[in-house]
Every structure is written in C-alpha cells, then in structure tokens.
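Quick look at data-v9.txt (compact mmCIF, C-alpha atoms):
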# COMPACT_ATOMS: atom_id res chain seq x y z
CA MET S 25 44.95 -68.24 -51.21
CA SER S 26 42.61 -65.70 -49.57
CA GLU S 27 43.93 -62.56 -47.93
CA ILE S 28 42.93 -63.64 -44.42
CA VAL S 29 44.71 -66.98 -44.81
CA GLU S 30 47.86 -65.16 -45.94
CA LYS S 31 47.67 -62.93 -42.88
CA ALA S 32 47.11 -66.00 -40.71
CA GLU S 33 50.20 -67.68 -42.14
CA SER S 34 52.34 -64.64 -41.35
CA TYR S 35 50.80 -64.19 -37.87
CA VAL S 36 51.10 -67.84 -36.84
CA SER S 37 54.63 -68.15 -38.19
CA ASP S 38 55.65 -65.14 -36.11
CA ILE S 39 54.17 -66.28 -32.80
CA LEU S 40 55.35 -69.90 -33.17
CA GLN S 41 58.88 -68.75 -33.93
CA ASN S 42 59.09 -66.06 -31.25
CA GLN S 43 56.65 -66.98 -28.48
CA LEU S 44 56.76 -70.79 -28.40
CA ASP S 45 58.97 -72.49 -25.83
CA ALA S 46 62.04 -74.10 -27.45
CA SER S 47 61.12 -77.36 -25.69
CA PHE S 48 58.31 -77.87 -28.20
CA LEU S 49 60.30 -79.98 -30.63
CA TYR S 50 57.19 -81.50 -32.25
CA HIS S 51 54.27 -79.06 -31.77
CA ASN S 52 56.00 -76.19 -33.53
CA LEU S 53 55.86 -74.29 -36.82
CA ARG S 54 57.17 -77.26 -38.77
CA HIS S 55 54.29 -79.46 -37.58
CA THR S 56 51.77 -76.71 -38.34
CA GLN S 57 53.11 -76.31 -41.87
CA ARG S 58 52.84 -80.08 -42.38
CA VAL S 59 49.19 -80.04 -41.22
CA VAL S 60 48.45 -77.10 -43.52
CA LYS S 61 49.98 -78.95 -46.46
CA SER S 62 47.95 -82.09 -45.72
CA THR S 63 44.79 -79.99 -45.34
CA LYS S 64 45.37 -78.47 -48.77
CA GLU S 65 45.83 -81.94 -50.22
CA LEU S 66 42.48 -83.09 -48.83
CA LEU S 67 40.68 -79.88 -49.84
CA ASN S 68 41.96 -80.19 -53.41
CA TYR S 69 40.36 -83.60 -53.56
CA TYR S 70 37.01 -82.70 -51.99
CA GLU S 71 36.62 -79.24 -53.58
CA LEU S 72 34.54 -77.65 -50.80
CA ASP S 73 33.08 -74.19 -51.21
CA SER S 74 35.45 -71.29 -50.68
CA SER S 75 34.13 -70.32 -47.23
CA GLU S 76 34.60 -73.80 -45.77
CA HIS S 77 37.94 -74.10 -47.53
CA GLU S 78 39.04 -70.87 -45.85
CA LYS S 79 37.82 -71.88 -42.39
CA LEU S 80 39.62 -75.20 -42.55
CA MET S 81 42.84 -73.53 -43.65
CA LEU S 82 42.56 -71.07 -40.76
CA ALA S 83 41.94 -73.95 -38.36
CA ALA S 84 44.99 -75.76 -39.72
CA TRP S 85 47.19 -72.70 -39.14
CA PHE S 86 45.90 -71.90 -35.64
CA HIS S 87 45.15 -75.36 -34.21
CA ASP S 88 48.37 -75.57 -32.13
CA THR S 89 49.00 -71.89 -31.37
CA GLY S 90 47.59 -72.52 -27.89
CA TYR S 91 50.88 -74.17 -26.94
CA THR S 92 52.31 -70.66 -26.65
CA LYS S 93 50.11 -70.36 -23.52
CA GLY S 94 51.07 -73.76 -22.07
CA THR S 95 50.31 -77.45 -22.51
CA GLN S 96 47.00 -77.59 -20.67
CA ASN S 97 43.84 -77.28 -22.77
CA HIS S 98 45.80 -75.97 -25.70
CA GLU S 99 42.82 -76.37 -28.08
CA GLN S 100 40.76 -73.87 -26.05
CA ALA S 101 43.78 -71.55 -25.93
CA SER S 102 44.12 -71.85 -29.70
CA CYS S 103 40.45 -70.94 -30.10
CA GLY S 104 41.03 -67.80 -28.03
CA ILE S 105 44.00 -66.76 -30.14
CA VAL S 106 42.24 -67.32 -33.47
CA GLU S 107 39.12 -65.50 -32.24
CA GLU S 108 41.17 -62.46 -31.24
CA PHE S 109 43.03 -62.49 -34.54
CA LEU S 110 39.91 -62.84 -36.68
CA LYS S 111 37.96 -60.17 -34.82
CA GLU S 112 40.83 -57.75 -35.33
CA ASN S 113 40.47 -58.51 -39.03
CA SER S 114 36.66 -58.01 -38.95
CA TYR S 115 35.88 -61.66 -39.65
CA ASP S 116 32.29 -62.89 -39.46
CA ASP S 117 31.32 -64.07 -35.94
CA LYS S 118 29.54 -67.17 -37.23
CA ALA S 119 32.57 -68.08 -39.36
CA ILE S 120 34.79 -67.60 -36.31
CA GLU S 121 32.71 -70.16 -34.42
CA GLY S 122 33.11 -72.52 -37.36
CA VAL S 123 36.90 -72.15 -37.28
CA LYS S 124 36.90 -72.74 -33.51
CA SER S 125 34.79 -75.88 -33.90
CA TYR S 126 37.28 -77.26 -36.39
CA ILE S 127 40.16 -76.54 -34.00
CA MET S 128 38.31 -78.35 -31.21
CA ALA S 129 37.89 -81.30 -33.58
CA THR S 130 41.64 -81.86 -33.34
CA GLU S 131 41.26 -82.78 -29.67
CA ARG S 132 42.68 -86.29 -29.16
CA TYR S 133 39.52 -88.23 -28.40
CA HIS S 134 37.06 -86.17 -30.42
CA VAL S 135 34.86 -88.14 -32.80
CA PRO S 136 34.25 -86.16 -36.03
CA THR S 137 30.64 -85.56 -36.96
CA ASN S 138 31.04 -84.31 -40.53
CA LEU S 139 33.45 -84.25 -43.47
CA HIS S 140 35.01 -80.96 -42.42
CA GLU S 141 36.01 -82.31 -39.02
CA GLU S 142 37.24 -85.51 -40.67
CA ILE S 143 39.48 -83.47 -42.96
CA ILE S 144 41.14 -81.48 -40.16
CA ARG S 145 41.59 -84.59 -38.01
CA ASP S 146 43.14 -86.61 -40.84
CA ALA S 147 45.42 -83.70 -41.74
CA ASP S 148 46.56 -83.39 -38.10
CA ALA S 149 47.49 -87.09 -38.02
CA SER S 150 48.86 -87.36 -41.55
CA HIS S 151 52.41 -87.85 -40.25
CA PHE S 152 51.47 -91.41 -39.22
CA ALA S 153 51.62 -92.30 -42.91
CA LYS S 154 54.76 -90.36 -43.82
CA ARG S 155 58.34 -91.58 -44.15
CA SER S 156 59.23 -88.75 -41.77
CA TYR S 157 57.16 -90.44 -39.04
CA TRP S 158 60.28 -91.88 -37.36
CA GLU S 159 61.80 -88.43 -37.04
CA THR S 160 58.62 -86.77 -35.81
CA THR S 161 57.87 -89.45 -33.23
CA ASP S 162 61.37 -89.03 -31.77
CA PHE S 163 60.78 -85.28 -31.54
CA LEU S 164 57.48 -85.87 -29.74
CA LYS S 165 59.08 -88.25 -27.23
CA GLU S 166 61.86 -85.77 -26.48
CA GLU S 167 59.32 -82.93 -26.22
CA LEU S 168 57.31 -84.78 -23.59
CA GLU S 169 60.48 -85.38 -21.58
CA LYS S 170 61.69 -81.77 -21.82
CA LEU S 171 58.29 -80.45 -20.76
CA GLY S 172 58.18 -82.85 -17.82
CA ILE S 173 54.95 -84.43 -19.06
CA ALA S 174 56.15 -88.02 -19.36
CA GLU S 175 59.29 -90.08 -19.82
CA TYR S 176 59.36 -93.28 -21.85
CA SER S 177 61.93 -95.96 -22.38
CA PRO S 178 62.42 -96.92 -26.05
CA LYS S 179 60.33 -100.06 -25.45
CA GLU S 180 57.53 -98.16 -23.69
CA TRP S 181 57.46 -95.53 -26.43
CA ARG S 182 57.27 -98.14 -29.16
CA ASP S 183 54.44 -99.94 -27.34
CA ALA S 184 52.59 -96.63 -26.91
CA ASN S 185 52.92 -95.93 -30.64
CA ILE S 186 51.69 -99.41 -31.56
CA LYS S 187 48.68 -98.92 -29.29
CA MET S 188 48.02 -95.54 -30.92
CA PHE S 189 48.18 -97.02 -34.41
CA ARG S 190 46.00 -100.02 -33.60
CA ASP S 191 43.47 -98.83 -31.05
CA GLU S 192 43.27 -95.07 -30.85
CA HIS S 193 43.72 -93.68 -34.34
CA ARG S 194 42.08 -94.24 -37.67
CA PHE S 195 41.75 -92.19 -40.82
CA HIS S 196 38.21 -90.98 -41.56
CA THR S 197 38.15 -89.54 -45.06
CA ASP S 198 38.03 -91.79 -48.12
CA TYR S 199 41.04 -89.96 -49.54
CA ALA S 200 43.18 -90.66 -46.47
CA LEU S 201 42.09 -94.29 -46.37
CA GLU S 202 42.99 -94.74 -50.00
CA ASN S 203 46.23 -92.74 -50.10
CA TRP S 204 47.63 -92.63 -46.57
CA GLN S 205 46.50 -95.85 -44.90
CA GLU S 206 49.12 -97.92 -46.72
CA GLY S 207 51.93 -95.72 -45.38
CA LYS S 208 50.51 -95.93 -41.87
CA ASP S 209 50.28 -99.74 -42.11
CA LYS S 210 53.89 -99.89 -43.29
CA ASN S 211 55.06 -97.85 -40.31
CA LEU S 212 53.01 -100.05 -37.99
CA ARG S 213 54.59 -103.19 -39.43
CA GLN S 214 58.02 -101.70 -38.81
CA LEU S 215 57.09 -100.96 -35.19
CA VAL S 216 55.83 -104.50 -34.68
CA LYS S 217 58.92 -105.94 -36.37
CA GLU S 218 61.19 -103.98 -34.04
CA LYS S 219 59.20 -105.22 -31.06
CA LYS S 220 59.48 -108.85 -32.20
CA THR S 221 63.20 -108.43 -32.87
CA GLU S 222 63.70 -107.00 -29.39
CA LYS S 223 61.78 -109.92 -27.88
CA GLU S 224 63.89 -112.42 -29.78
CA ILE S 225 67.10 -110.72 -28.67
CA ALA S 226 65.88 -110.62 -25.06
CA LYS S 227 64.94 -114.30 -25.26
CA LYS S 228 68.36 -115.22 -26.64
CA GLU S 229 70.11 -113.16 -23.97
CA ALA S 230 68.02 -114.80 -21.24
CA LEU S 231 68.79 -118.25 -22.64
CA LYS S 232 72.46 -117.37 -22.93
CA ALA S 233 72.52 -116.13 -19.33
CA LYS S 234 70.75 -119.28 -18.17
CA TYR S 235 73.21 -121.61 -19.82
CA LYS S 236 76.08 -119.43 -18.73
CA ASN S 237 75.01 -119.89 -15.12
CA GLU S 238 74.51 -123.62 -15.55
CA SER S 239 77.71 -124.32 -17.52
CA PRO S 240 81.26 -124.35 -16.16
CA ASP S 241 82.86 -121.02 -15.59
CA ARG S 242 84.11 -119.43 -18.80
CA SER S 243 87.66 -119.06 -17.53
CA VAL S 244 87.74 -122.74 -16.56
CA GLN S 245 86.44 -123.70 -20.00
CA THR S 246 89.15 -121.61 -21.60
CA LEU S 247 91.79 -123.19 -19.37
CA TYR S 248 90.86 -126.75 -20.38
CA ARG S 249 90.34 -125.86 -24.05
CA VAL S 250 93.70 -124.11 -24.44
CA THR S 251 95.62 -126.70 -22.44
CA LEU S 252 94.13 -129.63 -24.35
CA LYS S 253 94.83 -127.87 -27.62
CA ASN S 254 98.47 -127.31 -26.62
CA HIS S 255 98.86 -130.96 -25.56
CA LEU S 256 97.50 -132.20 -28.88
CA LYS S 257 99.73 -129.79 -30.79
CA LEU S 258 102.79 -131.01 -28.91
CA SER S 259 101.77 -134.60 -29.66
CA ASP S 260 101.50 -133.76 -33.37
CA ILE S 261 104.96 -132.18 -33.28
CA ALA S 262 106.44 -135.28 -31.65
CA ASP S 263 104.80 -137.56 -34.22
CA THR S 264 106.09 -135.36 -37.05
CA LYS S 265 109.66 -135.45 -35.71
CA ALA S 266 109.50 -139.22 -35.27
CA ASN S 267 108.18 -139.63 -38.83
CA ILE S 268 111.04 -137.50 -40.17
CA LEU S 269 113.62 -139.71 -38.45
CA LEU S 270 111.80 -142.84 -39.61
CA SER S 271 111.78 -141.64 -43.21
CA VAL S 272 115.42 -140.52 -43.17
CA ASN S 273 116.65 -143.82 -41.73
CA ALA S 274 114.49 -145.81 -44.13
CA ILE S 275 116.09 -143.94 -47.05
CA ILE S 276 119.56 -144.48 -45.59
CA ILE S 277 119.04 -148.21 -45.19
CA SER S 278 117.56 -148.48 -48.69
CA LEU S 279 120.60 -146.76 -50.18
CA VAL S 280 123.00 -148.92 -48.17
CA LEU S 281 121.25 -152.14 -49.19
CA ALA S 282 121.12 -151.08 -52.83
CA ASN S 283 124.59 -149.62 -53.27
CA LEU S 284 126.94 -150.66 -50.49
CA ILE S 285 126.03 -154.22 -49.50
CA PRO S 286 126.55 -155.70 -53.03
CA LYS S 287 130.12 -154.36 -53.04
CA LEU S 288 131.03 -156.23 -49.85
CA ASP S 289 131.23 -159.52 -51.81
CA ASN S 290 134.45 -158.27 -53.33
CA PRO S 291 137.43 -159.31 -51.10
CA SER S 292 139.01 -155.93 -51.71
CA ASN S 293 136.08 -154.25 -49.93
CA THR S 294 136.09 -156.28 -46.72
CA TYR S 295 137.40 -153.25 -44.82
CA LEU S 296 133.92 -151.69 -45.29
CA ILE S 297 132.02 -154.42 -43.47
CA TYR S 298 132.37 -153.10 -39.93
CA PRO S 299 131.66 -149.40 -40.76
CA THR S 300 128.64 -150.48 -42.80
CA LEU S 301 127.42 -152.71 -39.99
CA ILE S 302 127.78 -149.85 -37.48
CA PHE S 303 125.94 -147.52 -39.86
CA ILE S 304 123.06 -149.95 -40.37
CA VAL S 305 122.76 -150.83 -36.66
CA PHE S 306 122.43 -147.20 -35.61
CA SER S 307 119.90 -146.55 -38.39
CA VAL S 308 117.82 -149.58 -37.43
CA VAL S 309 117.88 -148.62 -33.73
CA SER S 310 116.76 -145.08 -34.67
CA MET S 311 113.93 -146.52 -36.77
CA VAL S 312 112.80 -148.82 -33.96
CA LEU S 313 112.76 -145.98 -31.43
CA SER S 314 110.87 -143.73 -33.87
CA ILE S 315 108.24 -146.44 -34.26
CA LEU S 316 108.00 -146.84 -30.48
CA ALA S 317 107.50 -143.09 -30.10
CA THR S 318 104.51 -143.07 -32.46
CA ARG S 319 103.07 -146.52 -31.77
CA PRO S 320 99.54 -146.24 -30.33
CA ASN S 321 98.71 -147.91 -27.04
CA VAL S 322 95.12 -149.21 -27.01
CA THR S 323 93.54 -150.03 -23.67
CA SER S 324 90.82 -152.55 -22.81
CA GLY S 325 88.03 -150.27 -24.03
CA LYS S 326 85.44 -151.41 -21.47
CA PHE S 327 84.14 -150.15 -18.15
CA THR S 328 81.35 -151.07 -15.74
CA LYS S 329 78.46 -149.08 -14.34
CA LYS S 330 80.17 -149.24 -11.00
CA ASP S 331 83.20 -147.50 -12.50
CA VAL S 332 80.92 -144.68 -13.73
CA GLU S 333 79.08 -144.40 -10.41
CA GLN S 334 82.39 -144.21 -8.56
CA LYS S 335 83.78 -141.77 -11.17
CA LYS S 336 86.80 -143.97 -11.84
CA VAL S 337 86.61 -143.98 -15.63
CA ASN S 338 87.42 -141.19 -18.09
CA LEU S 339 84.60 -141.25 -20.63
CA LEU S 340 86.30 -138.67 -22.84
CA PHE S 341 89.09 -141.02 -23.98
CA PHE S 342 88.12 -143.47 -26.72
CA GLY S 343 90.40 -146.18 -25.32
CA ASN S 344 88.07 -146.54 -22.36
CA PHE S 345 84.86 -147.16 -24.31
CA HIS S 346 85.62 -148.38 -27.85
CA LYS S 347 84.42 -151.90 -27.01
CA MET S 348 81.26 -150.77 -25.22
CA GLU S 349 77.71 -151.00 -26.53
CA LEU S 350 76.18 -147.72 -27.68
CA ASP S 351 73.38 -147.80 -25.10
CA ASP S 352 75.83 -148.31 -22.24
CA TYR S 353 78.03 -145.46 -23.44
CA GLU S 354 75.03 -143.10 -23.88
CA TRP S 355 73.93 -143.87 -20.33
CA ALA S 356 77.42 -143.23 -18.99
CA LEU S 357 77.75 -139.93 -20.88
CA GLN S 358 74.38 -138.75 -19.57
CA GLU S 359 75.61 -139.48 -16.05
CA LEU S 360 78.74 -137.49 -16.81
CA VAL S 361 77.00 -134.33 -18.01
CA LYS S 362 74.70 -134.34 -14.98
CA ASP S 363 77.65 -133.87 -12.65
CA LYS S 364 79.82 -130.80 -13.15
CA GLU S 365 82.51 -132.17 -10.84
CA TYR S 366 82.65 -135.38 -12.88
CA VAL S 367 83.11 -133.28 -16.05
CA TYR S 368 86.01 -131.43 -14.42
CA SER S 369 87.47 -134.69 -13.19
CA SER S 370 87.27 -136.31 -16.64
CA LEU S 371 88.89 -133.31 -18.32
CA THR S 372 91.62 -133.29 -15.69
CA LYS S 373 92.29 -136.99 -16.21
CA ASP S 374 92.41 -136.42 -19.96
CA LEU S 375 95.01 -133.70 -19.47
CA TYR S 376 97.03 -135.81 -17.05
CA PHE S 377 97.21 -138.91 -19.22
CA LEU S 378 97.92 -136.84 -22.32
CA GLY S 379 100.82 -135.37 -20.36
CA LEU S 380 102.10 -138.85 -19.52
CA VAL S 381 101.91 -139.86 -23.18
CA LEU S 382 103.75 -136.71 -24.20
CA ASP S 383 106.44 -137.33 -21.57
CA LYS S 384 107.01 -140.85 -22.91
CA LYS S 385 107.02 -139.67 -26.54
CA TYR S 386 109.49 -136.88 -25.98
CA LYS S 387 111.84 -139.04 -23.87
CA ILE S 388 111.95 -141.69 -26.62
CA LEU S 389 112.24 -138.99 -29.28
CA ARG S 390 115.16 -137.34 -27.48
CA LEU S 391 116.91 -140.73 -27.14
CA THR S 392 116.24 -141.43 -30.84
CA TYR S 393 117.80 -138.15 -31.96
CA ASN S 394 120.79 -138.73 -29.68
CA ILE S 395 121.33 -142.24 -31.08
CA PHE S 396 120.91 -141.00 -34.63
CA MET S 397 123.41 -138.20 -34.01
CA VAL S 398 125.93 -140.50 -32.33
CA GLY S 399 125.39 -143.14 -35.03
CA MET S 400 126.15 -140.65 -37.78
CA ILE S 401 129.30 -139.49 -36.01
CA VAL S 402 130.50 -142.99 -35.18
CA SER S 403 129.73 -144.26 -38.71
CA VAL S 404 131.64 -141.42 -40.34
CA ILE S 405 134.60 -142.01 -38.03
CA ALA S 406 134.43 -145.76 -38.72
CA PHE S 407 134.40 -145.22 -42.48
CA GLY S 408 137.28 -142.74 -42.14
CA ILE S 409 139.39 -145.18 -40.14
CA ALA S 410 138.55 -148.03 -42.54
CA PHE S 411 139.54 -145.98 -45.60
CA ARG S 412 142.75 -144.69 -43.97
CA PHE S 413 144.10 -147.82 -42.34
CA PHE S 414 142.48 -150.73 -44.17
CA GLY S 415 141.51 -149.41 -47.59
CA PRO S 416 143.29 -150.27 -50.85
CA ASP S 417 145.02 -146.87 -50.89
CA ARG S 418 145.90 -146.86 -47.15
CA VAL S 419 149.10 -145.08 -46.18
CA GLN S 420 152.12 -147.34 -45.51
CA PHE S 421 154.37 -146.48 -42.57

Structure rendered as structure tokens:
Amino acid sequence: MSEIVEKAESYVSDILQNQLDASFLYHNLRHTQRVVKSTKELLNYYELDSSEHEKLMLAAWFHDTGYTKGTQNHEQASCGIVEEFLKENSYDDKAIEGVKSYIMATERYHVPTNLHEEIIRDADASHFAKRSYWETTDFLKEELEKLGIAEYSPKEWRDANIKMFRDEHRFHTDYALENWQEGKDKNLRQLVKEKKTEKEIAKKEALKAKYKNESPDRSVQTLYRVTLKNHLKLSDIADTKANILLSVNAIIISLVLANLIPKLDNPSNTYLIYPTLIFIVFSVVSMVLSILATRPNVTSGKFTKKDVEQKKVNLLFFGNFHKMELDDYEWALQELVKDKEYVYSSLTKDLYFLGLVLDKKYKILRLTYNIFMVGMIVSVIAFGIAFRFFGPDRVQF
C-alpha cells in the first residue's frame, strides 16, 4: 500500500468516526471499508498500473466523505474534501482530477465510460451480492428515515429493492459478472419469494375475511357445535347405560335358566318357584325397557319440494331424506345453504328433536334402573322369605 493511501485511510477513518452524523447507519466507515475491500479485489484481478491503482483506492476511501457536509450533492462534497487532502500532501493536480472523476462515477445514474469507472462502481455496489445485504439494506432504510429523506413500509422497501436489482443496477466488470452476479441473483430471488409469500398470505386473509363475513357468526357456530356435541355425548352415555343393564340382565337370566330352573322339578324345591319367577320378571322388564331406550325410531324419510320451499323439513337429519333420490336431496341442500336463516332453523330443529329423544331415553333409563333396583331388592327378600318359612330347613314354631 502506498504512503498516500495509508494517510488517506487514517484521515478518512478519523473524519467518518468523528464528524459524520450518527444517523448515517449505512453510509459510514463500515460501508467505506467494504468498498475499499471490494476495490482491492477487483484491482488484484485486473492488475492496473500503480498510478491508476492508487487513484482508485483513494477514490474508494473518499467517495462518501461528502456526507459529513450533508446529504445533498455528496459526491461533489467528497471531491472537495479529497482535493484539499491531496493538495496538502502535494499530490499531482492531474492525478487529483482523476481521483475526483472516479468519485463522480459513483453517482447513482452515472454510466461508466472505462474500466476504471466500472471498477469503482462495481465495488460501491458489491453489497448487492453479499450475504450481509439483508443487514445493510435494513441500515439504509433506517438511515433514510432518521435523516428525514424518505419513509418506506416493509412492502414498499422490498419493492424498491426489487426495482433496483432488476432495472437500475447491473455489474459492469467481467470479474463482478462472473463472481458476484450469482450472489446478487440469489438475493433477488429471496426478495421476490418474500413478495410472493406476502401476496399469498394477503390473498388467504382476504378470502378468510370474505367467508367470515358471509358465514354465520363465529359465536353462533360455536354455540351450535358445542350444543350438538353435548347432545350426542349425552345420547352415547344413555345408550351405554342401557347396554350395561341389558347385558347384566341377560347374564342373570342365563344363569337362572341354566342353574335354577332345572332344580324346580324337584318337589323339595317348590318353595323357590315364586322368588325365581319374581326375579325373572323384573329382569325381563328391565331388559325390555333397556331395549326401548336404545331402539331407533326411523321416520318416513321423504319430503316434497313444497316442504323445502316452506322450510318445514330438517335436511340435516337422515330420517327425513334416507328414501329420497340423490338429485332431489342435492337440490334441497343447495336451497338450504343459500338461506342463512334456513340453516339456523335446521340446526335449531336438530337440537330440539335431539333434546326430545334424550328426554325420552333418560326417562325410560331412569325407570329401568328403578325397576332393576326394586326387582333386586324384592327378589332377595322373596328368596329370604322362601328359605326361612318354606325351605327344607325352615324354623318350626
């Protein structure tokens, strides 16, 4: 590294650390050092003569020093700073103009006219190809906001970056095209992917909001869903209890028929006839009531178009349509979903009739348990009386 470039590094580092506004989160010493590093990388590839190498390195160090004077026309301000610095160090006037021309080549819309300008421009934009791009672009966005230059929403900033990548920026040198373009394309693909993802999310949210407005209120949906679920659960409980009683009584009757009835042929066991009869009768009655509690009740299974038009039929219960043709049922269901009030009415009817079924089931089930309980008590008492007063070992008074 030449002596003047070393002095430039020290000078620029000092003024960017001590004179630059803290709001410059992107155009600061860190950015300048990154441009210098990229410039070196390009110069090592192209191997320019030492004088041009030196001028480009000076331009890389000074190209953003103008921001210490403000944001307007910072390239011209940078040229003034580098000119003052180089003259103090007795630098050649013609070389100074060369350095200034390279700094002016970093202006946003400047079109490079030679390799030297291409090098400094590619070095200044090398962050587009870096993994650190996402960090640097956030710093630039925040810098613009802090300086009061512009404010962007995340979507607007992403769109501005995509436009920059696609329409406004391109690498010029062969080295950058070969080694940096792939990284830039990768970052662009990520930007586009995020934009597509955001669009898909927005589309889903819009669709969700649309159907939310068109569908029944969420609280009403929850009301019907929970209530129907509770009704069905209660029905399952009733069926389970009835099946338990049915099974128990079936076992009791089987045991009686297998073990007790054959013994009644013996004249010495006649005292057991009436207790056994009582026992069997109560068990049979309990079985019959258990069957009644769980026995399904199938309705006609047909309805007319007039019933649908007048909203008299509940299309949600299979007993009302199981004998209908598919086409007729599809037509009826389409009529149902068109009318929100008809949907509410059908769900309400479903709840009501489920409630009636549950009321009938639980009344029969309660009666069945009562009869079973009484039957057990009466049968035990009857067997006790029979054994005590009429059995072979009865007590004599």

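For the pair atom CA of S:Phe303 and atom CA of S:Ala317, the interatomic distance is 21.3 Å.
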
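Distances to S:Ala266 were evaluated for S:Arg190, S:Lys61, S:Arg319, S:Lys210 using all atoms listed in the file, and the minimum falls at S:Arg319.
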
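Within 8 Å of the point (39.2, -91.0, -29.6) in file coordinates, and counting all atoms listed in the file, lie the residues Arg132, Tyr133, His134, Val135, Glu192 and His193 of chain S.
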
Residues within 12 Å of S:Asn394, please, as an NGL selection string. Count all atoms listed in the file; anything in the same chain fewer than 5 positions from it doesn't count. :S and (269 or 306-307 or 309-310 or 313-314 or 387-389 or 399-402)

Could the residues in this selection be saved with C-alpha atoms as a PDB file, in the frame of the given file?
ATOM      1  CA  LEU S 269     113.620-139.710 -38.450  1.00  0.00           C
ATOM      2  CA  PHE S 306     122.430-147.200 -35.610  1.00  0.00           C
ATOM      3  CA  SER S 307     119.900-146.550 -38.390  1.00  0.00           C
ATOM      4  CA  VAL S 309     117.880-148.620 -33.730  1.00  0.00           C
ATOM      5  CA  SER S 310     116.760-145.080 -34.670  1.00  0.00           C
ATOM      6  CA  LEU S 313     112.760-145.980 -31.430  1.00  0.00           C
ATOM      7  CA  SER S 314     110.870-143.730 -33.870  1.00  0.00           C
ATOM      8  CA  LYS S 387     111.840-139.040 -23.870  1.00  0.00           C
ATOM      9  CA  ILE S 388     111.950-141.690 -26.620  1.00  0.00           C
ATOM     10  CA  LEU S 389     112.240-138.990 -29.280  1.00  0.00           C
ATOM     11  CA  GLY S 399     125.390-143.140 -35.030  1.00  0.00           C
ATOM     12  CA  MET S 400     126.150-140.650 -37.780  1.00  0.00           C
ATOM     13  CA  ILE S 401     129.300-139.490 -36.010  1.00  0.00           C
ATOM     14  CA  VAL S 402     130.500-142.990 -35.180  1.00  0.00           C
TER      15      VAL S 402
END

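If all atoms listed in the file are the atoms counted, then among S:Val381, S:Glu222, S:Asp116, S:Phe413 the closest residue to S:Tyr295 is S:Phe413.
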
Option closest in space to S:His51, from S:Leu168, S:Val398, S:Ile277, S:Ile302 [counting all atoms listed in the file]: S:Leu168

Select, counting only C-alpha atoms, all protein, DNA and RNA residues no farther than 10 Å from (35.0, -67.1, -36.7) in file coordinates, and express the selection as number ranges by chain. S: 79, 82-83, 103, 106-111, 114-125

Report as an MDAnalysis selection string all protein, DNA and RNA residues lying within 12 Å of stretch 282-287 of chain S, evaluated on only C-alpha atoms, omitting residues in the same chain fewer than 5 positions from it. chainID S and resid 275:277 292:301 303:304

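Closest approach to S:His77 among S:Ile105, S:Gln100, S:Val29, S:Glu354: S:Val29, based on all atoms listed in the file.
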
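Across S:Lys362, S:His255, S:His151, S:Arg213, the tightest approach to S:His55 is made by S:His151 when counting only C-alpha atoms.
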
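Our summary of the geometry notes that atom CA of S:Met81 is positioned 19.9 Å from atom CA of S:Trp204.
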
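Between atom CA of S:Thr130 and atom CA of S:Asp209 there is a distance of 21.7 Å.
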